[in-house]
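K.L.:
Enclosed is the structure file my_file_12.csv (CSV, C-alpha atoms and all ligand atoms).
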chain,number,residue,atom,x,y,z
B,140,MET,CA,40.3,-16.9,-72.2
B,141,ASN,CA,37.1,-18.4,-71.0
B,142,LYS,CA,33.9,-16.6,-71.8
B,143,ILE,CA,31.5,-15.7,-69.0
B,144,PRO,CA,28.2,-17.5,-69.3
B,145,VAL,CA,25.2,-15.0,-69.2
B,146,TYR,CA,21.7,-16.3,-68.4
B,147,PHE,CA,18.6,-14.6,-69.7
B,148,ASN,CA,15.2,-15.6,-71.0
B,149,LYS,CA,13.0,-13.4,-73.1
B,150,ASN,CA,9.9,-14.2,-71.0
B,151,GLN,CA,11.4,-11.9,-68.4
B,152,LEU,CA,10.4,-9.0,-70.6
B,153,LEU,CA,6.7,-9.9,-70.5
B,154,PHE,CA,6.2,-8.1,-67.2
B,155,ARG,CA,5.9,-4.3,-67.5
B,156,PRO,CA,5.1,-2.4,-64.3
B,157,LYS,CA,3.5,0.9,-65.3
B,158,TYR,CA,4.0,3.5,-62.5
B,159,GLU,CA,4.7,4.2,-58.9
B,160,TRP,CA,4.0,7.1,-56.6
B,161,VAL,CA,6.9,9.1,-55.3
B,162,LEU,CA,6.1,12.0,-53.0
B,163,GLY,CA,2.6,12.3,-54.3
B,164,LYS,CA,3.6,12.2,-57.9
B,165,LYS,CA,2.9,9.4,-60.3
B,166,ILE,CA,6.1,8.5,-62.1
B,167,LYS,CA,7.0,5.9,-64.8
B,168,HIS,CA,8.0,2.8,-63.1
B,169,PRO,CA,11.8,2.7,-62.9
B,170,GLU,CA,12.0,-1.1,-63.2
B,171,THR,CA,11.4,-1.2,-66.9
B,172,THR,CA,12.1,-3.9,-69.5
B,173,ARG,CA,14.5,-1.4,-71.1
B,174,ARG,CA,16.9,-2.2,-68.2
B,175,ALA,CA,17.3,-5.8,-69.3
B,176,GLU,CA,17.3,-4.8,-73.0
B,177,SER,CA,20.1,-2.3,-72.3
B,178,ILE,CA,22.2,-5.0,-70.6
B,179,PHE,CA,21.4,-7.7,-73.2
B,180,ASN,CA,22.2,-5.5,-76.1
B,181,GLU,CA,25.6,-4.5,-74.7
B,182,ILE,CA,26.5,-8.0,-73.8
B,183,ARG,CA,25.5,-9.1,-77.3
B,184,LYS,CA,28.0,-6.6,-78.8
B,185,ASN,CA,30.8,-8.5,-77.0
B,186,LYS,CA,30.2,-12.1,-78.3
B,187,ASN,CA,33.9,-12.8,-77.8
B,188,LEU,CA,33.6,-12.2,-74.0
B,189,PHE,CA,30.2,-13.7,-73.2
B,190,ASP,CA,28.3,-16.8,-73.9
B,191,ILE,CA,24.6,-16.0,-73.8
B,192,ARG,CA,22.5,-18.9,-72.6
B,193,CYS,CA,18.8,-19.5,-71.9
B,194,PRO,CA,18.2,-21.2,-68.5
B,195,ALA,CA,16.1,-24.2,-68.0
B,196,ASN,CA,12.9,-23.6,-66.1
B,197,ILE,CA,13.4,-23.5,-62.3
B,198,PRO,CA,11.8,-26.4,-60.4
B,199,LEU,CA,8.9,-25.2,-58.3
B,200,GLY,CA,10.4,-27.1,-55.3
B,201,VAL,CA,13.5,-24.8,-55.4
B,202,ILE,CA,11.2,-21.7,-55.1
B,203,ARG,CA,9.2,-23.4,-52.3
B,204,GLU,CA,12.4,-23.8,-50.3
B,205,LEU,CA,13.0,-20.1,-50.6
B,206,HIS,CA,9.5,-18.6,-50.1
B,207,SER,CA,6.4,-19.3,-48.1
B,208,ASP,CA,3.5,-21.2,-49.6
B,209,ASP,CA,1.3,-18.2,-49.1
B,210,LEU,CA,3.5,-15.9,-51.1
B,211,ILE,CA,3.5,-18.4,-54.0
B,212,THR,CA,-0.3,-18.7,-53.7
B,213,LEU,CA,-0.6,-14.9,-53.9
B,214,TYR,CA,1.5,-14.8,-57.1
B,215,ASN,CA,-0.9,-17.5,-58.4
B,216,SER,CA,-3.8,-15.3,-57.5
B,217,ALA,CA,-2.2,-12.5,-59.4
B,218,GLY,CA,-2.2,-14.8,-62.4
B,219,LEU,CA,-6.0,-14.6,-62.5
B,220,LEU,CA,-6.0,-10.8,-62.8
B,221,PRO,CA,-7.4,-9.7,-66.2
B,222,GLU,CA,-4.9,-8.9,-68.9
B,223,GLY,CA,-3.5,-5.4,-68.5
B,224,GLN,CA,-4.7,-4.9,-64.9
B,225,ASP,CA,-2.0,-4.2,-62.2
B,226,PHE,CA,-2.7,-4.6,-58.5
B,227,TYR,CA,-1.0,-2.1,-56.3
B,228,PRO,CA,-1.7,-3.0,-52.6
B,229,SER,CA,-2.9,0.0,-50.7
B,230,VAL,CA,-3.9,-1.6,-47.3
B,231,PHE,CA,-1.1,-2.9,-45.1
B,232,PRO,CA,-2.6,-4.5,-42.0
B,233,HIS,CA,-0.9,-4.4,-38.7
B,234,GLU,CA,-3.7,-6.0,-36.9
B,235,ASN,CA,-6.2,-8.7,-37.9
B,236,ARG,CA,-3.4,-10.4,-39.6
B,237,ASP,CA,-4.9,-13.9,-39.0
B,238,ASN,CA,-7.5,-13.0,-41.6
B,239,ALA,CA,-5.0,-12.8,-44.4
B,240,ASP,CA,-5.9,-15.0,-47.4
B,241,PRO,CA,-3.4,-15.3,-50.2
B,242,SER,CA,-6.0,-16.5,-52.6
B,243,ASN,CA,-7.6,-13.0,-52.3
B,244,ILE,CA,-5.6,-10.4,-54.3
B,245,PHE,CA,-7.1,-7.7,-52.1
B,246,HIS,CA,-5.0,-9.1,-49.2
B,247,ALA,CA,-1.7,-8.6,-51.1
B,248,GLY,CA,-0.8,-5.9,-48.6
B,249,HIS,CA,-0.2,-8.6,-45.9
B,250,TYR,CA,2.6,-10.1,-48.0
B,251,CYS,CA,4.0,-6.8,-49.3
B,252,PHE,CA,6.0,-4.0,-47.6
B,253,ASP,CA,5.8,-1.2,-50.2
B,254,SER,CA,3.4,0.3,-52.7
B,255,GLY,CA,5.7,0.4,-55.7
B,256,THR,CA,5.7,-3.3,-56.5
B,257,PRO,CA,2.7,-4.2,-58.5
B,258,LEU,CA,1.3,-7.6,-59.3
B,259,ASN,CA,-0.3,-8.7,-62.5
B,260,ASN,CA,-0.9,-11.9,-64.5
B,261,ARG,CA,2.7,-11.9,-65.8
B,262,THR,CA,4.5,-11.2,-62.5
B,263,TRP,CA,5.1,-14.9,-61.9
B,264,MET,CA,6.2,-15.6,-65.5
B,265,ALA,CA,8.9,-13.0,-65.4
B,266,SER,CA,10.1,-13.4,-61.8
B,267,SER,CA,10.3,-17.2,-62.1
B,268,TRP,CA,12.5,-16.9,-65.2
B,269,SER,CA,14.5,-14.3,-63.4
B,270,ALA,CA,15.1,-16.8,-60.5
B,271,ALA,CA,15.8,-19.5,-63.1
B,272,CYS,CA,18.7,-17.4,-64.4
B,273,ALA,CA,20.2,-17.2,-60.9
B,274,PHE,CA,19.6,-20.9,-60.2
B,275,GLU,CA,21.3,-21.9,-63.4
B,276,ALA,CA,24.2,-19.5,-63.1
B,277,ALA,CA,24.8,-21.0,-59.6
B,278,THR,CA,24.5,-24.5,-60.9
B,279,GLU,CA,27.2,-23.7,-63.5
B,280,VAL,CA,29.6,-22.5,-60.9
B,281,LEU,CA,28.7,-25.2,-58.4
B,282,GLN,CA,29.6,-27.9,-60.9
B,283,GLY,CA,32.9,-26.2,-61.7
B,284,ASN,CA,32.1,-25.7,-65.3
B,285,SER,CA,32.8,-22.0,-65.1
B,286,ARG,CA,34.6,-19.9,-62.4
B,287,PHE,CA,32.2,-17.0,-63.0
B,288,ALA,CA,28.6,-16.8,-64.2
B,289,TYR,CA,26.3,-13.8,-64.6
B,290,ALA,CA,22.5,-14.0,-64.2
B,291,LEU,CA,20.7,-11.2,-66.1
B,292,SER,CA,17.9,-11.4,-63.5
B,293,ARG,CA,15.0,-9.1,-64.0
B,294,PRO,CA,12.8,-8.4,-62.0
B,295,PRO,CA,15.4,-8.0,-59.3
B,296,GLY,CA,15.3,-10.0,-56.0
B,297,HIS,CA,17.3,-8.8,-53.0
B,298,HIS,CA,14.4,-7.1,-51.3
B,299,ALA,CA,12.1,-10.1,-51.3
B,300,THR,CA,12.1,-12.0,-48.0
B,301,GLY,CA,10.8,-15.5,-47.3
B,302,LYS,CA,7.2,-14.3,-46.7
B,303,THR,CA,7.1,-10.8,-48.3
B,304,TYR,CA,7.8,-8.9,-51.6
B,305,GLY,CA,8.6,-5.3,-52.2
B,306,GLY,CA,11.2,-2.9,-53.7
B,307,TYR,CA,10.4,-4.2,-57.2
B,308,CYS,CA,11.4,-7.7,-56.0
B,309,TYR,CA,9.2,-10.8,-56.0
B,310,LEU,CA,11.6,-13.8,-55.7
B,311,ASN,CA,15.0,-13.6,-54.1
B,312,ASN,CA,17.3,-14.5,-57.0
B,313,SER,CA,20.6,-14.0,-55.1
B,314,ALA,CA,19.4,-16.0,-52.1
B,315,CYS,CA,18.4,-18.8,-54.5
B,316,ALA,CA,21.9,-18.9,-55.8
B,317,ALA,CA,23.4,-18.8,-52.3
B,318,LYS,CA,21.2,-21.6,-51.1
B,319,LEU,CA,22.2,-23.9,-53.9
B,320,LEU,CA,25.9,-23.1,-53.4
B,321,ARG,CA,25.6,-23.7,-49.6
B,322,THR,CA,25.0,-27.4,-50.3
B,323,LYS,CA,28.7,-27.7,-51.1
B,324,GLY,CA,30.4,-25.2,-48.8
B,325,LYS,CA,30.3,-21.8,-47.1
B,326,VAL,CA,29.0,-18.8,-49.1
B,327,VAL,CA,29.5,-15.1,-48.8
B,328,THR,CA,26.9,-12.7,-50.4
B,329,VAL,CA,28.1,-9.2,-51.1
B,330,ASP,CA,25.3,-6.8,-52.0
B,331,ILE,CA,26.6,-3.8,-53.9
B,332,ASP,CA,23.2,-2.4,-54.9
B,333,PHE,CA,22.6,1.1,-53.6
B,334,HIS,CA,19.9,-0.3,-51.4
B,335,HIS,CA,20.2,-2.6,-48.4
B,336,GLY,CA,19.6,-6.2,-49.3
B,337,ASN,CA,17.0,-6.8,-46.7
B,338,GLY,CA,15.6,-9.9,-48.2
B,339,THR,CA,18.9,-11.7,-48.4
B,340,GLN,CA,19.8,-10.6,-44.9
B,341,GLU,CA,16.5,-12.0,-43.6
B,342,MET,CA,16.9,-15.3,-45.3
B,343,PHE,CA,20.3,-16.1,-43.8
B,344,TYR,CA,20.0,-14.1,-40.6
B,345,ARG,CA,20.3,-17.3,-38.4
B,346,ASP,CA,22.7,-19.1,-40.7
B,347,SER,CA,26.4,-19.3,-40.0
B,348,ARG,CA,27.2,-21.0,-43.3
B,349,VAL,CA,26.2,-17.9,-45.4
B,350,LYS,CA,27.8,-14.6,-44.4
B,351,THR,CA,25.8,-11.7,-45.8
B,352,ILE,CA,27.4,-8.3,-46.4
B,353,SER,CA,25.6,-5.3,-47.8
B,354,ILE,CA,27.0,-1.8,-48.6
B,355,HIS,CA,24.4,0.8,-49.1
B,356,GLY,CA,23.0,4.3,-48.7
B,357,ASP,CA,21.8,5.3,-45.3
B,358,PRO,CA,18.5,3.6,-44.6
B,359,LYS,CA,17.5,6.7,-42.4
B,360,ARG,CA,17.0,8.4,-45.8
B,361,HIS,CA,16.7,5.7,-48.3
B,362,PHE,CA,14.6,2.6,-49.0
B,363,PRO,CA,14.1,0.1,-47.2
B,364,TYR,CA,14.2,2.6,-44.3
B,365,TYR,CA,13.5,0.1,-41.5
B,366,CYS,CA,16.6,-2.1,-41.8
B,367,GLY,CA,20.1,-2.0,-43.1
B,368,TYR,CA,21.6,-0.6,-39.9
B,369,GLU,CA,25.0,-1.6,-38.6
B,370,ASP,CA,23.8,-3.1,-35.4
B,371,GLU,CA,22.0,-5.9,-37.4
B,372,ILE,CA,24.6,-8.6,-37.0
B,373,GLY,CA,22.6,-11.8,-37.2
B,374,MET,CA,20.9,-14.0,-34.6
B,375,GLY,CA,21.3,-17.3,-32.9
B,376,PRO,CA,23.9,-19.4,-34.8
B,377,GLY,CA,24.0,-16.6,-37.4
B,378,LYS,CA,25.2,-14.0,-34.9
B,379,GLY,CA,28.2,-12.2,-36.3
B,380,TYR,CA,27.5,-13.4,-39.9
B,381,ASN,CA,25.6,-10.4,-41.1
B,382,HIS,CA,27.3,-7.0,-41.9
B,383,ASN,CA,25.7,-3.8,-43.0
B,384,ILE,CA,28.0,-1.0,-44.2
B,385,ILE,CA,26.5,2.5,-44.7
B,386,LEU,CA,28.1,5.0,-47.0
B,387,LYS,CA,27.3,8.7,-47.3
B,388,ASP,CA,25.3,10.1,-50.2
B,389,GLY,CA,27.8,11.3,-52.8
B,390,SER,CA,30.3,8.5,-52.1
B,391,GLY,CA,32.5,7.9,-55.2
B,392,LEU,CA,35.1,5.3,-56.2
B,393,THR,CA,37.7,6.3,-53.6
B,394,THR,CA,35.4,5.8,-50.7
B,395,TYR,CA,33.8,2.7,-52.3
B,396,ARG,CA,37.0,1.0,-53.1
B,397,ASN,CA,38.5,1.8,-49.7
B,398,THR,CA,35.5,0.3,-48.0
B,399,LEU,CA,35.8,-2.8,-50.0
B,400,LYS,CA,39.6,-3.2,-49.4
B,401,ASN,CA,39.6,-2.2,-45.7
B,402,GLN,CA,36.3,-3.7,-44.5
B,403,VAL,CA,34.6,-6.1,-47.0
B,404,ILE,CA,37.6,-8.1,-48.2
B,405,PRO,CA,38.8,-8.8,-44.6
B,406,LEU,CA,35.3,-9.9,-43.6
B,407,ILE,CA,35.3,-12.3,-46.6
B,408,LYS,CA,38.8,-13.7,-45.9
B,409,GLU,CA,38.2,-14.3,-42.2
B,410,PHE,CA,35.2,-16.4,-43.1
B,411,ASP,CA,37.1,-18.4,-45.7
B,412,PRO,CA,34.1,-19.2,-48.0
B,413,LYS,CA,34.0,-21.6,-50.9
B,414,PHE,CA,31.8,-19.5,-53.1
B,415,LEU,CA,31.0,-15.8,-53.6
B,416,VAL,CA,27.6,-14.4,-54.7
B,417,ILE,CA,27.6,-10.7,-55.8
B,418,CYS,CA,24.2,-9.0,-55.7
B,419,ALA,CA,25.1,-6.5,-58.4
B,420,GLY,CA,23.0,-3.4,-58.4
B,421,PHE,CA,24.1,-0.4,-60.6
B,422,ASP,CA,21.9,2.2,-58.9
B,423,THR,CA,25.3,3.4,-57.4
B,424,TYR,CA,25.9,5.1,-60.8
B,425,HIS,CA,26.3,8.9,-60.7
B,426,LEU,CA,23.4,9.5,-63.0
B,427,ASP,CA,21.0,7.0,-61.4
B,428,PRO,CA,17.6,8.6,-60.7
B,429,ILE,CA,17.2,6.7,-57.4
B,430,GLY,CA,20.6,6.0,-55.9
B,431,LYS,CA,22.9,8.7,-54.5
B,432,PHE,CA,26.4,7.4,-54.9
B,433,ARG,CA,28.7,8.6,-57.7
B,434,LEU,CA,30.3,5.6,-59.4
B,435,LYS,CA,31.3,6.1,-63.1
B,436,THR,CA,31.2,3.5,-65.8
B,437,GLU,CA,34.9,2.7,-65.7
B,438,ASP,CA,34.8,2.4,-61.9
B,439,TYR,CA,32.7,-0.8,-62.0
B,440,GLN,CA,35.6,-2.7,-63.5
B,441,LYS,CA,37.8,-1.5,-60.7
B,442,VAL,CA,35.2,-2.6,-58.1
B,443,ALA,CA,35.0,-6.0,-59.8
B,444,LYS,CA,38.8,-6.4,-59.8
B,445,VAL,CA,38.8,-6.3,-56.0
B,446,PHE,CA,36.4,-9.3,-56.0
B,447,PHE,CA,38.3,-11.0,-58.8
B,448,ASP,CA,41.5,-11.0,-56.7
B,449,LEU,CA,39.7,-13.1,-54.0
B,450,ASP,CA,40.2,-16.0,-56.4
B,451,LEU,CA,36.8,-17.6,-55.5
B,452,PRO,CA,34.1,-19.2,-57.8
B,453,THR,CA,31.7,-16.3,-58.2
B,454,VAL,CA,28.1,-16.0,-59.2
B,455,ILE,CA,27.0,-12.5,-60.2
B,456,ILE,CA,23.3,-11.7,-59.9
B,457,GLN,CA,21.7,-8.6,-61.5
B,458,GLU,CA,19.8,-6.4,-59.0
B,459,GLY,CA,18.9,-2.7,-59.4
B,460,GLY,CA,20.2,0.1,-61.7
B,461,TYR,CA,17.8,2.6,-63.3
B,462,TYR,CA,19.7,4.8,-65.6
B,463,THR,CA,18.9,2.5,-68.5
B,464,LYS,CA,20.9,4.4,-71.2
B,465,ASP,CA,24.2,3.5,-69.5
B,466,LEU,CA,23.1,0.4,-67.6
B,467,GLY,CA,24.4,-2.1,-70.2
B,468,ARG,CA,27.8,-0.4,-70.4
B,469,ASN,CA,28.1,-0.4,-66.6
B,470,VAL,CA,27.3,-4.1,-66.4
B,471,VAL,CA,29.8,-4.9,-69.1
B,472,SER,CA,32.4,-2.8,-67.4
B,473,PHE,CA,31.8,-4.7,-64.2
B,474,LEU,CA,32.0,-8.1,-65.9
B,475,MET,CA,35.2,-7.1,-67.7
B,476,GLY,CA,36.8,-6.9,-64.2
B,477,PHE,CA,36.5,-10.7,-64.1
B,478,LEU,CA,38.1,-11.2,-67.5
B,479,THR,CA,41.4,-9.4,-66.8
I,501,LIG,C1,16.1,-3.5,-56.5
I,501,LIG,C2,16.0,-2.0,-56.1
I,501,LIG,O1,16.9,-1.3,-56.4
I,501,LIG,N1,14.9,-1.6,-55.5
I,501,LIG,C3,14.8,-0.2,-55.2
I,501,LIG,C4,13.4,0.1,-54.7
I,501,LIG,C5,13.4,1.6,-54.4
I,501,LIG,N2,12.0,2.0,-54.2
I,501,LIG,C6,11.9,3.4,-53.6
I,501,LIG,C7,12.0,4.3,-54.8
I,501,LIG,C8,12.0,5.8,-54.3
I,501,LIG,C9,12.1,6.4,-55.7
I,501,LIG,N3,12.5,7.8,-55.7
I,501,LIG,C10,12.5,8.1,-57.1
I,501,LIG,C11,13.0,9.4,-57.4
I,501,LIG,C12,12.7,9.6,-58.9
I,501,LIG,N4,13.3,10.9,-59.3
I,502,ZN,ZN,18.6,-0.7,-55.5
How does this structure look as structure tokens?

P.N.:
Amino acid sequence: MNKIPVYFNKNQLLFRPKYEWVLGKKIKHPETTRRAESIFNEIRKNKNLFDIRCPANIPLGVIRELHSDDLITLYNSAGLLPEGQDFYPSVFPHENRDNADPSNIFHAGHYCFDSGTPLNNRTWMASSWSAACAFEAATEVLQGNSRFAYALSRPPGHHATGKTYGGYCYLNNSACAAKLLRTKGKVVTVDIDFHHGNGTQEMFYRDSRVKTISIHGDPKRHFPYYCGYEDEIGMGPGKGYNHNIILKDGSGLTTYRNTLKNQVIPLIKEFDPKFLVICAGFDTYHLDPIGKFRLKTEDYQKVAKVFFDLDLPTVIIQEGGYYTKDLGRNVVSFLMGFLT
């Protein structure tokens, strides 16, 4: 049996966001380095199943095709912050937007849509390696060397749009993979993170060659609140190529798998893509502190099996998942679904 290549670089651990505010309380930041460590340690225990690889650095030109010059300039500005200092934007302008200057860190709020996604002098280091994992996993599958590849991307990416960051995401790793694959054929992205993949949706909203599907908690009650509704179907040439599926809080395997089989799989098949990208968040776990679905560790393998049966070259990109104790086991359970 072929091992699944796993991409990870230790520099992704250098970025350590400290806290965020939730309902007036300062809480430890959920997007910790322990997340990646939990996954890495569990994968390392299964050396017979996985081939751990360090990606090459991602060319800056690839990131420039994904994100605006201003956003990249802002991350550069964050690189000048003193060691140990985190910048949390607190002013989000709705007017006077023409004044925004990405070389001024105080203007970060113009490029950001939430207050829980800090910048510091290591943000770029970690997030560019995170994107490098996705880029190399996609390269591996594009070249046909492996049918499956997993990017242990951290920080996550699916909330980052072309011009903005937020939701713990800085560079859109999944979109990076999809864009590369698109050079050789149609791509479907399926976002199974608990949250709507607003960044990925935005990046391909007018694109008929990438169909974007996201299954998530109700944005009326959950982040990112302003999008993820079922009437967002794409625009222009991309009209009909974006699908949002909302599930109730408390949804477990039965609901989840029925949704995949009855809605998601037909949407993929009718599009007849050449490649599949799975934006794989595990904040759908029953113990997750943020998500409100009820999947169990063994369920992830069953979810994966549904995708495995599509028989498509598949790139799996790590997104959210905040119950760190079980995160590694959940990821390995999911990946096992591609090894059966
Ligand atoms: C990639 C990803 O999953 N991003 C999610 C961003 C969610 N941010 C909003 C968090 C609201 C946190 N509520 C925490 C409750 C802690 N008990
Ligand atoms: Zn999430």

K.L.:
State, in Å with one decimal place, the distance from CA of Gly306 (chain B) to CA of Pro169 (chain B).

P.N.:
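Separation between CA of Gly306 (chain B) and CA of Pro169 (chain B): 10.8 Å.
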
K.L.:
To check your reading of the model: which residues sit at most 6 Å from ligand LIG 501 (chain I) when counting all atoms listed in the file? Write the answer as a PyMOL selection string.

P.N.:
chain B and resi 161+295+306-307+334+362+428-429+458-459

K.L.:
Report as a PyMOL selection string all protein, DNA and RNA residues lying within 12 Å of Gly467 (chain B), evaluated on only C-alpha atoms, omitting residues in the same chain fewer than 2 positions from it.

P.N.:
chain B and resi 173-185+291+420-421+424+436+439+457+460-465+469-474

K.L.:
Suppose we keep C-alpha atoms; can you now write the selection as a CSV table (one decimal), keeping the file's coordinate frame?

P.N.:
chain,number,residue,atom,x,y,z
B,173,ARG,CA,14.5,-1.4,-71.1
B,174,ARG,CA,16.9,-2.2,-68.2
B,175,ALA,CA,17.3,-5.8,-69.3
B,176,GLU,CA,17.3,-4.8,-73.0
B,177,SER,CA,20.1,-2.3,-72.3
B,178,ILE,CA,22.2,-5.0,-70.6
B,179,PHE,CA,21.4,-7.7,-73.2
B,180,ASN,CA,22.2,-5.5,-76.1
B,181,GLU,CA,25.6,-4.5,-74.7
B,182,ILE,CA,26.5,-8.0,-73.8
B,183,ARG,CA,25.5,-9.1,-77.3
B,184,LYS,CA,28.0,-6.6,-78.8
B,185,ASN,CA,30.8,-8.5,-77.0
B,291,LEU,CA,20.7,-11.2,-66.1
B,420,GLY,CA,23.0,-3.4,-58.4
B,421,PHE,CA,24.1,-0.4,-60.6
B,424,TYR,CA,25.9,5.1,-60.8
B,436,THR,CA,31.2,3.5,-65.8
B,439,TYR,CA,32.7,-0.8,-62.0
B,457,GLN,CA,21.7,-8.6,-61.5
B,460,GLY,CA,20.2,0.1,-61.7
B,461,TYR,CA,17.8,2.6,-63.3
B,462,TYR,CA,19.7,4.8,-65.6
B,463,THR,CA,18.9,2.5,-68.5
B,464,LYS,CA,20.9,4.4,-71.2
B,465,ASP,CA,24.2,3.5,-69.5
B,469,ASN,CA,28.1,-0.4,-66.6
B,470,VAL,CA,27.3,-4.1,-66.4
B,471,VAL,CA,29.8,-4.9,-69.1
B,472,SER,CA,32.4,-2.8,-67.4
B,473,PHE,CA,31.8,-4.7,-64.2
B,474,LEU,CA,32.0,-8.1,-65.9

K.L.:
Set the distance at 9 Å and use all atoms listed in the file: which residues neighbour Leu319 (chain B) once local chain neighbours fewer than 4 positions away are removed? I'd like the list as a list in words.

P.N.:
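Here the qualifying residues turn out to be Val201, Phe274, Ala277, Thr278, Leu281, Ala314, Cys315 and Lys323 of chain B.
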
K.L.:
Quick one: everything within 12 Å of region 365-378 of chain B, counting all atoms listed in the file, minus sequence neighbours fewer than 4 positions away in the same chain. Send it as a compact mmCIF listing (two decimals) with C-alpha atoms, keeping the file's coordinate frame.

P.N.:
# COMPACT_ATOMS: atom_id res chain seq x y z
CA PHE B 252 6.00 -4.00 -47.60
CA ASP B 253 5.80 -1.20 -50.20
CA HIS B 298 14.40 -7.10 -51.30
CA ASP B 330 25.30 -6.80 -52.00
CA PHE B 333 22.60 1.10 -53.60
CA HIS B 334 19.90 -0.30 -51.40
CA HIS B 335 20.20 -2.60 -48.40
CA GLY B 336 19.60 -6.20 -49.30
CA ASN B 337 17.00 -6.80 -46.70
CA GLY B 338 15.60 -9.90 -48.20
CA THR B 339 18.90 -11.70 -48.40
CA GLN B 340 19.80 -10.60 -44.90
CA GLU B 341 16.50 -12.00 -43.60
CA MET B 342 16.90 -15.30 -45.30
CA PHE B 343 20.30 -16.10 -43.80
CA TYR B 344 20.00 -14.10 -40.60
CA ARG B 345 20.30 -17.30 -38.40
CA ASP B 346 22.70 -19.10 -40.70
CA SER B 347 26.40 -19.30 -40.00
CA ARG B 348 27.20 -21.00 -43.30
CA VAL B 349 26.20 -17.90 -45.40
CA LYS B 350 27.80 -14.60 -44.40
CA THR B 351 25.80 -11.70 -45.80
CA ILE B 352 27.40 -8.30 -46.40
CA SER B 353 25.60 -5.30 -47.80
CA ILE B 354 27.00 -1.80 -48.60
CA HIS B 355 24.40 0.80 -49.10
CA GLY B 356 23.00 4.30 -48.70
CA ASP B 357 21.80 5.30 -45.30
CA PRO B 358 18.50 3.60 -44.60
CA LYS B 359 17.50 6.70 -42.40
CA ARG B 360 17.00 8.40 -45.80
CA HIS B 361 16.70 5.70 -48.30
CA HIS B 382 27.30 -7.00 -41.90
CA ASN B 383 25.70 -3.80 -43.00
CA ILE B 384 28.00 -1.00 -44.20
CA ILE B 385 26.50 2.50 -44.70
CA LEU B 386 28.10 5.00 -47.00

K.L.:
Compare B:Pro294, B:Gly430, B:Gly218, B:Pro156 by their minimum atom-to-atom distance to ligand ZN 502 (chain I), counting all atoms listed in the file, and give me the closest one.

P.N.:
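Using all atoms listed in the file, ligand ZN 502 (chain I) sits closest to B:Gly430.
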
K.L.:
Ranking B:Gln151, B:Asn215, B:Gln282, B:Ser207 by minimum distance to Ala299 (chain B) and counting all atoms listed in the file, which one comes first?

P.N.:
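Among the listed residues, the smallest separation from Ala299 (chain B) belongs to B:Ser207.
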